[in-house]
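Engineer: Contents of entry-v4.cif (mmCIF, C-alpha atoms and all ligand atoms) are given next:
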data_model
loop_
_atom_site.label_atom_id
_atom_site.label_comp_id
_atom_site.auth_asym_id
_atom_site.auth_seq_id
_atom_site.Cartn_x
_atom_site.Cartn_y
_atom_site.Cartn_z
CA MET A 1 29.86 -15.69 -3.53
CA PHE A 2 26.66 -16.06 -1.52
CA THR A 3 28.22 -15.27 1.82
CA TYR A 4 29.29 -11.65 1.71
CA ASN A 5 27.28 -8.74 3.08
CA VAL A 6 25.03 -7.39 0.37
CA ASP A 7 23.99 -4.16 2.07
CA SER A 8 26.85 -1.97 0.96
CA PHE A 9 26.65 -3.34 -2.56
CA LEU A 10 22.93 -2.52 -2.78
CA GLU A 11 23.45 0.95 -1.36
CA LYS A 12 26.06 1.79 -3.97
CA GLU A 13 24.02 0.21 -6.72
CA LEU A 14 20.85 2.07 -5.81
CA VAL A 15 22.48 5.48 -6.29
CA GLN A 16 23.54 4.48 -9.79
CA ILE A 17 20.13 3.04 -10.61
CA ARG A 18 18.56 6.34 -9.61
CA GLU A 19 20.92 8.23 -11.88
CA PHE A 20 20.05 5.90 -14.74
CA PHE A 21 16.34 6.31 -13.98
CA TYR A 22 16.54 10.09 -14.47
CA ASP A 23 18.21 9.64 -17.87
CA PHE A 24 15.87 6.85 -18.88
CA MET A 25 12.74 8.82 -18.03
CA ALA A 26 13.94 12.09 -19.54
CA GLY A 27 11.70 11.61 -22.57
CA PHE A 28 8.61 11.21 -20.42
CA THR A 29 7.27 14.73 -20.18
CA ASP A 30 4.03 14.00 -18.32
CA LYS A 31 3.44 16.97 -16.04
CA SER A 32 2.40 15.14 -12.89
CA PHE A 33 5.30 12.72 -13.28
CA CYS A 34 7.83 15.55 -13.57
CA LYS A 35 6.26 17.23 -10.56
CA MET A 36 6.52 14.02 -8.56
CA LEU A 37 10.21 13.72 -9.50
CA ARG A 38 10.91 17.30 -8.45
CA GLU A 39 9.25 16.65 -5.10
CA ARG A 40 11.17 13.40 -4.67
CA LYS A 41 14.51 14.80 -5.74
CA GLU A 42 17.38 12.65 -4.48
CA TRP A 43 14.88 10.28 -2.89
CA LEU A 44 15.77 6.62 -2.49
CA PRO A 45 13.53 3.85 -1.19
CA PRO A 46 14.51 2.04 2.01
CA VAL A 47 15.77 -1.41 1.02
CA TYR A 48 15.37 -4.51 3.17
CA ILE A 49 16.90 -7.91 2.65
CA SER A 50 14.53 -10.67 3.65
CA ASP A 51 15.03 -14.40 4.05
CA GLU A 52 11.35 -15.03 3.57
CA VAL A 53 10.40 -17.29 0.67
CA ILE A 54 7.16 -16.46 -1.08
CA VAL A 55 5.86 -18.94 -3.60
CA ILE A 56 3.78 -17.50 -6.41
CA PRO A 57 0.64 -19.62 -6.64
CA LYS A 58 -0.33 -20.71 -10.13
CA GLY A 59 2.87 -19.29 -11.52
CA ASN A 60 2.94 -19.42 -15.30
CA GLY A 61 6.58 -18.59 -15.78
CA PRO A 62 10.01 -20.19 -15.45
CA PHE A 63 10.41 -19.33 -11.76
CA ASP A 64 7.81 -19.61 -9.01
CA LYS A 65 9.23 -17.50 -6.17
CA GLN A 66 8.97 -13.78 -5.64
CA LEU A 67 12.39 -12.13 -6.07
CA GLY A 68 11.41 -8.85 -4.47
CA LYS A 69 8.57 -6.51 -3.74
CA SER A 70 7.80 -2.82 -3.38
CA ILE A 71 5.25 -1.86 -0.77
CA LYS A 72 3.11 1.18 -0.23
CA LYS A 73 4.40 1.87 3.28
CA GLY A 74 7.39 4.15 2.79
CA TYR A 75 7.56 2.84 -0.79
CA SER A 76 10.10 0.43 0.62
CA VAL A 77 11.79 -2.29 -1.36
CA PHE A 78 12.27 -5.88 -0.21
CA ILE A 79 14.75 -8.27 -1.76
CA TYR A 80 14.08 -11.95 -1.18
CA HIS A 81 17.60 -13.13 -0.82
CA GLU A 82 16.93 -16.88 -0.79
CA ALA A 83 14.83 -16.66 -3.93
CA VAL A 84 17.51 -14.63 -5.69
CA LYS A 85 20.07 -17.33 -4.84
CA GLU A 86 17.74 -20.00 -6.15
CA TYR A 87 17.17 -18.02 -9.36
CA CYS A 88 20.94 -17.92 -9.84
CA CYS A 89 21.31 -21.66 -9.22
CA ILE A 90 18.47 -22.74 -11.48
CA PHE A 91 19.65 -20.63 -14.39
CA HIS A 92 23.38 -21.15 -13.80
CA LEU A 93 24.00 -17.53 -12.98
CA GLU A 94 25.95 -18.23 -9.78
CA ASN A 95 28.85 -16.09 -10.98
CA GLU A 96 26.48 -13.29 -11.92
CA TYR A 97 24.83 -13.15 -8.51
CA GLU A 98 25.52 -9.44 -7.99
CA SER A 99 24.06 -8.59 -11.39
CA VAL A 100 20.91 -10.57 -10.61
CA LEU A 101 20.59 -8.69 -7.31
CA SER A 102 20.99 -5.46 -9.23
CA MET A 103 18.26 -6.49 -11.68
CA VAL A 104 15.84 -7.17 -8.82
CA LEU A 105 16.76 -3.89 -7.13
CA ALA A 106 16.22 -1.89 -10.33
CA HIS A 107 12.89 -3.64 -10.95
CA GLU A 108 11.61 -2.86 -7.45
CA PHE A 109 13.03 0.66 -7.51
CA PHE A 110 10.98 1.30 -10.63
CA HIS A 111 7.84 -0.08 -8.98
CA SER A 112 8.34 2.27 -6.02
CA LEU A 113 8.62 5.41 -8.13
CA HIS A 114 5.83 4.25 -10.40
CA ARG A 115 3.68 3.59 -7.38
CA ILE A 116 4.28 7.05 -5.88
CA TRP A 117 3.11 8.56 -9.15
CA ASP A 118 0.27 6.17 -9.97
CA GLU A 119 -0.86 4.29 -6.87
CA ARG A 120 -4.06 3.15 -8.53
CA ALA A 121 -2.13 1.04 -11.02
CA PHE A 122 -1.25 -1.20 -8.07
CA LEU A 123 -4.58 -1.34 -6.29
CA GLN A 124 -6.69 -4.43 -6.20
CA ASP A 125 -10.03 -3.67 -7.76
CA ALA A 126 -12.67 -2.38 -6.92
CA SER A 127 -11.11 0.81 -8.10
CA PRO A 128 -13.39 3.22 -9.89
CA ARG A 129 -11.54 2.33 -13.05
CA THR A 130 -13.43 -0.37 -14.80
CA GLY A 131 -12.73 -2.40 -17.85
CA ILE A 132 -9.50 -4.02 -16.78
CA SER A 133 -8.78 -6.99 -14.55
CA MET A 134 -6.16 -7.07 -11.82
CA GLU A 135 -4.29 -9.65 -13.85
CA ARG A 136 -4.03 -7.28 -16.79
CA LYS A 137 -2.97 -4.38 -14.61
CA HIS A 138 -0.33 -6.64 -13.13
CA GLN A 139 0.92 -7.49 -16.59
CA LEU A 140 1.22 -3.77 -17.40
CA THR A 141 3.04 -2.80 -14.20
CA GLU A 142 5.40 -5.79 -14.45
CA SER A 143 6.22 -5.20 -18.09
CA VAL A 144 7.37 -1.61 -17.48
CA ALA A 145 9.40 -2.51 -14.38
CA ASP A 146 11.11 -5.45 -16.06
CA TYR A 147 11.89 -3.39 -19.14
CA PHE A 148 13.49 -0.76 -16.93
CA ALA A 149 15.56 -3.38 -15.07
CA TYR A 150 16.67 -4.94 -18.35
CA SER A 151 17.64 -1.52 -19.73
CA TRP A 152 19.59 -0.73 -16.59
CA LEU A 153 21.60 -3.93 -16.96
CA GLU A 154 22.15 -3.26 -20.65
CA SER A 155 23.42 0.26 -19.93
CA ASN A 156 26.21 -1.19 -17.84
CA ALA A 157 29.51 -2.01 -19.51
CA ASP A 158 30.08 -4.97 -17.18
CA GLY A 159 29.81 -8.31 -19.01
CA ASP A 160 27.95 -9.97 -16.12
CA TYR A 161 25.14 -7.43 -16.37
CA GLU A 162 24.90 -8.07 -20.08
CA MET A 163 24.66 -11.80 -19.51
CA VAL A 164 21.85 -11.45 -16.95
CA ALA A 165 20.00 -9.03 -19.27
CA GLN A 166 20.22 -11.40 -22.22
CA HIS A 167 19.12 -14.30 -20.06
CA ARG A 168 16.11 -12.31 -18.86
CA LYS A 169 15.20 -11.44 -22.43
CA SER A 170 15.42 -15.10 -23.41
CA LEU A 171 12.94 -15.91 -20.60
CA TRP A 172 10.54 -13.25 -21.90
CA GLN A 173 10.71 -14.89 -25.31
CA GLU A 174 10.43 -18.44 -24.05
CA TYR A 175 7.42 -17.73 -21.83
CA ALA A 176 5.60 -15.19 -23.99
CA SER A 177 3.10 -17.79 -25.14
CA ALA A 178 2.44 -18.82 -21.52
CA ASN A 179 1.44 -15.21 -20.87
CA TRP A 180 4.15 -14.68 -18.27
CA PRO A 181 3.46 -11.09 -17.15
CA TYR A 182 7.08 -10.00 -17.58
CA SER A 183 7.15 -11.22 -21.17
CA SER A 184 5.11 -8.22 -22.23
CA ALA A 185 8.29 -6.16 -21.81
CA LEU A 186 9.23 -7.51 -25.25
CA VAL A 187 7.00 -4.94 -26.96
CA TYR A 188 9.13 -2.04 -25.69
CA LEU A 189 12.33 -3.47 -27.11
CA SER A 190 11.22 -2.70 -30.64
CA ASP A 191 9.29 0.44 -29.73
CA HIS A 192 10.67 2.46 -26.84
CA LYS A 193 8.01 5.16 -27.30
CA LYS A 194 5.37 2.63 -26.40
CA PHE A 195 6.88 2.41 -22.93
CA PHE A 196 6.01 6.06 -22.22
CA GLU A 197 2.64 5.79 -23.94
CA ILE A 198 1.64 2.82 -21.83
CA LEU A 199 2.81 4.43 -18.59
CA ALA A 200 0.64 7.47 -19.34
CA LEU A 201 -2.36 5.40 -20.45
CA LEU A 202 -2.17 3.10 -17.46
CA LYS A 203 -2.77 6.14 -15.30
CA SER A 204 -5.46 7.75 -17.42
CA ASN A 205 -7.16 4.80 -19.12
CA PRO A 206 -5.87 1.36 -18.12
CA ALA A 207 -8.15 -0.58 -20.44
CA MET A 208 -6.73 1.37 -23.35
CA ALA A 209 -3.20 0.74 -22.07
CA TYR A 210 -3.85 -2.98 -22.17
CA ARG A 211 -5.22 -2.75 -25.70
CA LYS A 212 -2.13 -0.85 -26.76
CA LEU A 213 0.14 -3.43 -25.14
CA SER A 214 -1.56 -6.25 -27.00
CA SER A 215 -1.76 -4.48 -30.36
ZN ZN B 1 7.47 -6.58 -10.14
#
Kindly return the structure encoded in the file as structure tokens.

Structural biologist:
Amino acid sequence: MFTYNVDSFLEKELVQIREFFYDFMAGFTDKSFCKMLRERKEWLPPVYISDEVIVIPKGNGPFDKQLGKSIKKGYSVFIYHEAVKEYCCIFHLENEYESVLSMVLAHEFFHSLHRIWDERAFLQDASPRTGISMERKHQLTESVADYFAYSWLESNADGDYEMVAQHRKSLWQEYASANWPYSSALVYLSDHKKFFEILALLKSNPAMAYRKLSS
């Protein structure tokens, strides 16, 4: 299952993820966000598959390699193929490989759109916005992207997607006490409105967004 060409799969998947994104964000009526979406109508990020392996130093979660990334240049998405395979092997999701790829793609897709709208949320400090550390900002941006990816998987009728979503949720729960940045996505599960509130606050008042996330 690890040998076939992933490009056409990702291409097809990305179009569906975008469609889901529009539905998912429909309740977010922030003016500048809606404007950004209108300007980016039908836009999709360029996606690159990379064999690079990037180890996360001082990782505090269940997996220490970066699965993907979204960069500022072209708001492109990278998928770290080798790390995705390893993720599947470690967690016995070999048969759900495509669904794991889809999760990573949705996560990075969300980062790209989020980044276009709120670049400062991704900047290393010194930004003029004080009162919040890079680590906390990271926790906020990761929690929203992971929640989106989880919701995308859950929206899909395919049983493999459901399995990968439930597995991801179990990791959030297991590593919540270790302060794994993605674990913060748990708060949105019981309160979907908070997802929009935190997105808006992260742009306008990140310190407040962090307080809201932790409350
Ligand atoms: Zn991320």

Engineer: Please check which protein, DNA or RNA residues sit within 8 Å of ligand ZN 1 (chain B), counting only C-alpha atoms and all ligand atoms, and write them as a PyMOL selection string.

Structural biologist: chain A and resi 68-70+107-108+111+141-142+145-146

Engineer: Counting only C-alpha atoms, which of A:Trp172, A:Leu202, A:Ala178, A:Phe148 gets nearest to Arg136 in chain A?

Structural biologist: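 That would be A:Leu202, the residue with the smallest distance to Arg136 in chain A.
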
Engineer: Quick one: residues within 10 Å of Glu174 in chain A, all atoms listed in the file, excluding same-chain residues fewer than 6 positions away - as a ChimeraX atom specification?

Structural biologist: /A:61-62,168,180,183

Engineer: Could you name the residues that touch range 43-58 of chain A at 10 Å or less, counting all atoms listed in the file, but leaving out those on the same chain fewer than 3 positions away, as a PyMOL selection string?

Structural biologist: chain A and resi 6-7+10-11+14-15+17-18+37-40+61+63-70+74-84+105+108-109+112-113

Engineer: Using all atoms listed in the file, pick whichever of A:Leu213, A:Ala106, A:Leu101, A:Leu171 has the shortest atom-to-atom distance to Lys193 in chain A.

Structural biologist: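 Answer, going by the shortest atom-to-atom distance: A:Leu213.
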
Engineer: Just checking: using all atoms listed in the file, which residue out of A:Ile71, A:Val144, A:Leu123, A:Ile90 ends up closest to Leu189 in chain A?

Structural biologist: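 Looking only at the distances to Leu189 in chain A, the closest residue turns out to be A:Val144.
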
Engineer: Can you pull out the residues contacting Leu201 in chain A? Cut-off 12 Å, using only C-alpha atoms, and skip same-chain residues under 6 positions away; I want them as a list in words.

Structural biologist: Asp30, Asp118, Ala121, Lys137, Leu140, Thr141, Lys194, Phe195, Ala207, Met208, Ala209, Tyr210, Arg211, Lys212 and Leu213 of chain A

Engineer: For the selection just defined, write its residues with C-alpha atoms to a file, as a short mmCIF file (atom, residue, chain, number, x, y, z; two decimals), in the coordinates of the input.

Structural biologist:
data_model
loop_
_atom_site.label_atom_id
_atom_site.label_comp_id
_atom_site.auth_asym_id
_atom_site.auth_seq_id
_atom_site.Cartn_x
_atom_site.Cartn_y
_atom_site.Cartn_z
CA ASP A 30 4.03 14.00 -18.32
CA ASP A 118 0.27 6.17 -9.97
CA ALA A 121 -2.13 1.04 -11.02
CA LYS A 137 -2.97 -4.38 -14.61
CA LEU A 140 1.22 -3.77 -17.40
CA THR A 141 3.04 -2.80 -14.20
CA LYS A 194 5.37 2.63 -26.40
CA PHE A 195 6.88 2.41 -22.93
CA ALA A 207 -8.15 -0.58 -20.44
CA MET A 208 -6.73 1.37 -23.35
CA ALA A 209 -3.20 0.74 -22.07
CA TYR A 210 -3.85 -2.98 -22.17
CA ARG A 211 -5.22 -2.75 -25.70
CA LYS A 212 -2.13 -0.85 -26.76
CA LEU A 213 0.14 -3.43 -25.14
#

Engineer: Using only C-alpha atoms, which residues sit within 8 Å of range 159-162 of chain A once same-chain residues fewer than 6 positions away are excluded, as a ChimeraX atom specification?

Structural biologist: /A:96,99-100,153

Engineer: Pick out the closest residue to His138 in chain A from this set: A:Tyr182, A:Phe110, A:Tyr150, A:Phe24. Count only C-alpha atoms.

Structural biologist: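 Nearest to His138 in chain A: A:Tyr182.
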
Engineer: Can you work out the spacing between CA of Lys169 in chain A and CA of Lys203 in chain A in Å, to one decimal?

Structural biologist: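 Computed distance, CA of Lys169 in chain A to CA of Lys203 in chain A, equals 26.1 Å.
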
Engineer: Name the closest residue to Glu19 in chain A among the candidates A:Trp152, A:Ser32, A:Asn5, A:Tyr87; distances are taken between atoms, counting all atoms listed in the file.

Structural biologist: A:Trp152

Engineer: In Å to one decimal, how far is CA of Tyr22 in chain A from CA of Phe122 in chain A?

Structural biologist: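 Separation between CA of Phe122 in chain A and CA of Tyr22 in chain A: 22.0 Å.
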
Engineer: What gap, in Å, lies between CA of Ser155 in chain A and CA of Ala185 in chain A?

Structural biologist: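 Interatomic distance, CA of Ser155 in chain A to CA of Ala185 in chain A: 16.5 Å.
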
Engineer: Could you add whatever atoms are missing so that range 153-174 of chain A carries N, CA and C atoms, then write the result as a PDB file, in the frame of the given file?

Structural biologist:
ATOM      1  N   LEU A 153      20.511  -2.964 -16.796  1.00  0.00           N
ATOM      2  CA  LEU A 153      21.600  -3.930 -16.960  1.00  0.00           C
ATOM      3  C   LEU A 153      22.337  -3.699 -18.273  1.00  0.00           C
ATOM      4  N   GLU A 154      21.571  -3.461 -19.321  1.00  0.00           N
ATOM      5  CA  GLU A 154      22.150  -3.260 -20.650  1.00  0.00           C
ATOM      6  C   GLU A 154      23.008  -2.000 -20.723  1.00  0.00           C
ATOM      7  N   SER A 155      22.687  -1.014 -19.892  1.00  0.00           N
ATOM      8  CA  SER A 155      23.420   0.260 -19.930  1.00  0.00           C
ATOM      9  C   SER A 155      24.792   0.124 -19.283  1.00  0.00           C
ATOM     10  N   ASN A 156      24.982  -0.993 -18.596  1.00  0.00           N
ATOM     11  CA  ASN A 156      26.210  -1.190 -17.840  1.00  0.00           C
ATOM     12  C   ASN A 156      27.248  -1.922 -18.690  1.00  0.00           C
ATOM     13  N   ALA A 157      28.468  -1.436 -18.653  1.00  0.00           N
ATOM     14  CA  ALA A 157      29.510  -2.010 -19.510  1.00  0.00           C
ATOM     15  C   ALA A 157      29.963  -3.395 -19.020  1.00  0.00           C
ATOM     16  N   ASP A 158      29.663  -3.707 -17.780  1.00  0.00           N
ATOM     17  CA  ASP A 158      30.080  -4.970 -17.180  1.00  0.00           C
ATOM     18  C   ASP A 158      29.456  -6.170 -17.894  1.00  0.00           C
ATOM     19  N   GLY A 159      30.279  -7.136 -18.264  1.00  0.00           N
ATOM     20  CA  GLY A 159      29.810  -8.310 -19.010  1.00  0.00           C
ATOM     21  C   GLY A 159      28.804  -9.153 -18.253  1.00  0.00           C
ATOM     22  N   ASP A 160      28.901  -9.189 -16.932  1.00  0.00           N
ATOM     23  CA  ASP A 160      27.950  -9.970 -16.120  1.00  0.00           C
ATOM     24  C   ASP A 160      26.545  -9.390 -16.228  1.00  0.00           C
ATOM     25  N   TYR A 161      26.449  -8.075 -16.249  1.00  0.00           N
ATOM     26  CA  TYR A 161      25.140  -7.430 -16.370  1.00  0.00           C
ATOM     27  C   TYR A 161      24.512  -7.776 -17.716  1.00  0.00           C
ATOM     28  N   GLU A 162      25.353  -7.742 -18.724  1.00  0.00           N
ATOM     29  CA  GLU A 162      24.900  -8.070 -20.080  1.00  0.00           C
ATOM     30  C   GLU A 162      24.367  -9.505 -20.140  1.00  0.00           C
ATOM     31  N   MET A 163      25.069 -10.393 -19.479  1.00  0.00           N
ATOM     32  CA  MET A 163      24.660 -11.800 -19.510  1.00  0.00           C
ATOM     33  C   MET A 163      23.295 -11.986 -18.822  1.00  0.00           C
ATOM     34  N   VAL A 164      23.114 -11.334 -17.686  1.00  0.00           N
ATOM     35  CA  VAL A 164      21.850 -11.450 -16.950  1.00  0.00           C
ATOM     36  C   VAL A 164      20.705 -10.803 -17.754  1.00  0.00           C
ATOM     37  N   ALA A 165      21.013  -9.700 -18.432  1.00  0.00           N
ATOM     38  CA  ALA A 165      20.000  -9.030 -19.270  1.00  0.00           C
ATOM     39  C   ALA A 165      19.575  -9.940 -20.423  1.00  0.00           C
ATOM     40  N   GLN A 166      20.544 -10.531 -21.076  1.00  0.00           N
ATOM     41  CA  GLN A 166      20.220 -11.400 -22.220  1.00  0.00           C
ATOM     42  C   GLN A 166      19.454 -12.640 -21.760  1.00  0.00           C
ATOM     43  N   HIS A 167      19.834 -13.143 -20.606  1.00  0.00           N
ATOM     44  CA  HIS A 167      19.120 -14.300 -20.060  1.00  0.00           C
ATOM     45  C   HIS A 167      17.653 -13.936 -19.773  1.00  0.00           C
ATOM     46  N   ARG A 168      17.472 -12.754 -19.178  1.00  0.00           N
ATOM     47  CA  ARG A 168      16.110 -12.310 -18.860  1.00  0.00           C
ATOM     48  C   ARG A 168      15.288 -12.191 -20.141  1.00  0.00           C
ATOM     49  N   LYS A 169      15.899 -11.596 -21.148  1.00  0.00           N
ATOM     50  CA  LYS A 169      15.200 -11.440 -22.430  1.00  0.00           C
ATOM     51  C   LYS A 169      14.824 -12.809 -23.012  1.00  0.00           C
ATOM     52  N   SER A 170      15.716 -13.768 -22.872  1.00  0.00           N
ATOM     53  CA  SER A 170      15.420 -15.100 -23.410  1.00  0.00           C
ATOM     54  C   SER A 170      14.240 -15.731 -22.656  1.00  0.00           C
ATOM     55  N   LEU A 171      14.105 -15.407 -21.354  1.00  0.00           N
ATOM     56  CA  LEU A 171      12.940 -15.910 -20.600  1.00  0.00           C
ATOM     57  C   LEU A 171      11.649 -15.246 -21.090  1.00  0.00           C
ATOM     58  N   TRP A 172      11.721 -13.942 -21.351  1.00  0.00           N
ATOM     59  CA  TRP A 172      10.540 -13.250 -21.900  1.00  0.00           C
ATOM     60  C   TRP A 172      10.063 -13.964 -23.156  1.00  0.00           C
ATOM     61  N   GLN A 173      11.049 -14.271 -24.020  1.00  0.00           N
ATOM     62  CA  GLN A 173      10.710 -14.890 -25.310  1.00  0.00           C
ATOM     63  C   GLN A 173      10.153 -16.290 -25.117  1.00  0.00           C
ATOM     64  N   GLU A 174      10.823 -17.045 -24.262  1.00  0.00           N
ATOM     65  CA  GLU A 174      10.430 -18.440 -24.050  1.00  0.00           C
ATOM     66  C   GLU A 174       9.027 -18.543 -23.443  1.00  0.00           C
TER      67      GLU A 174
END
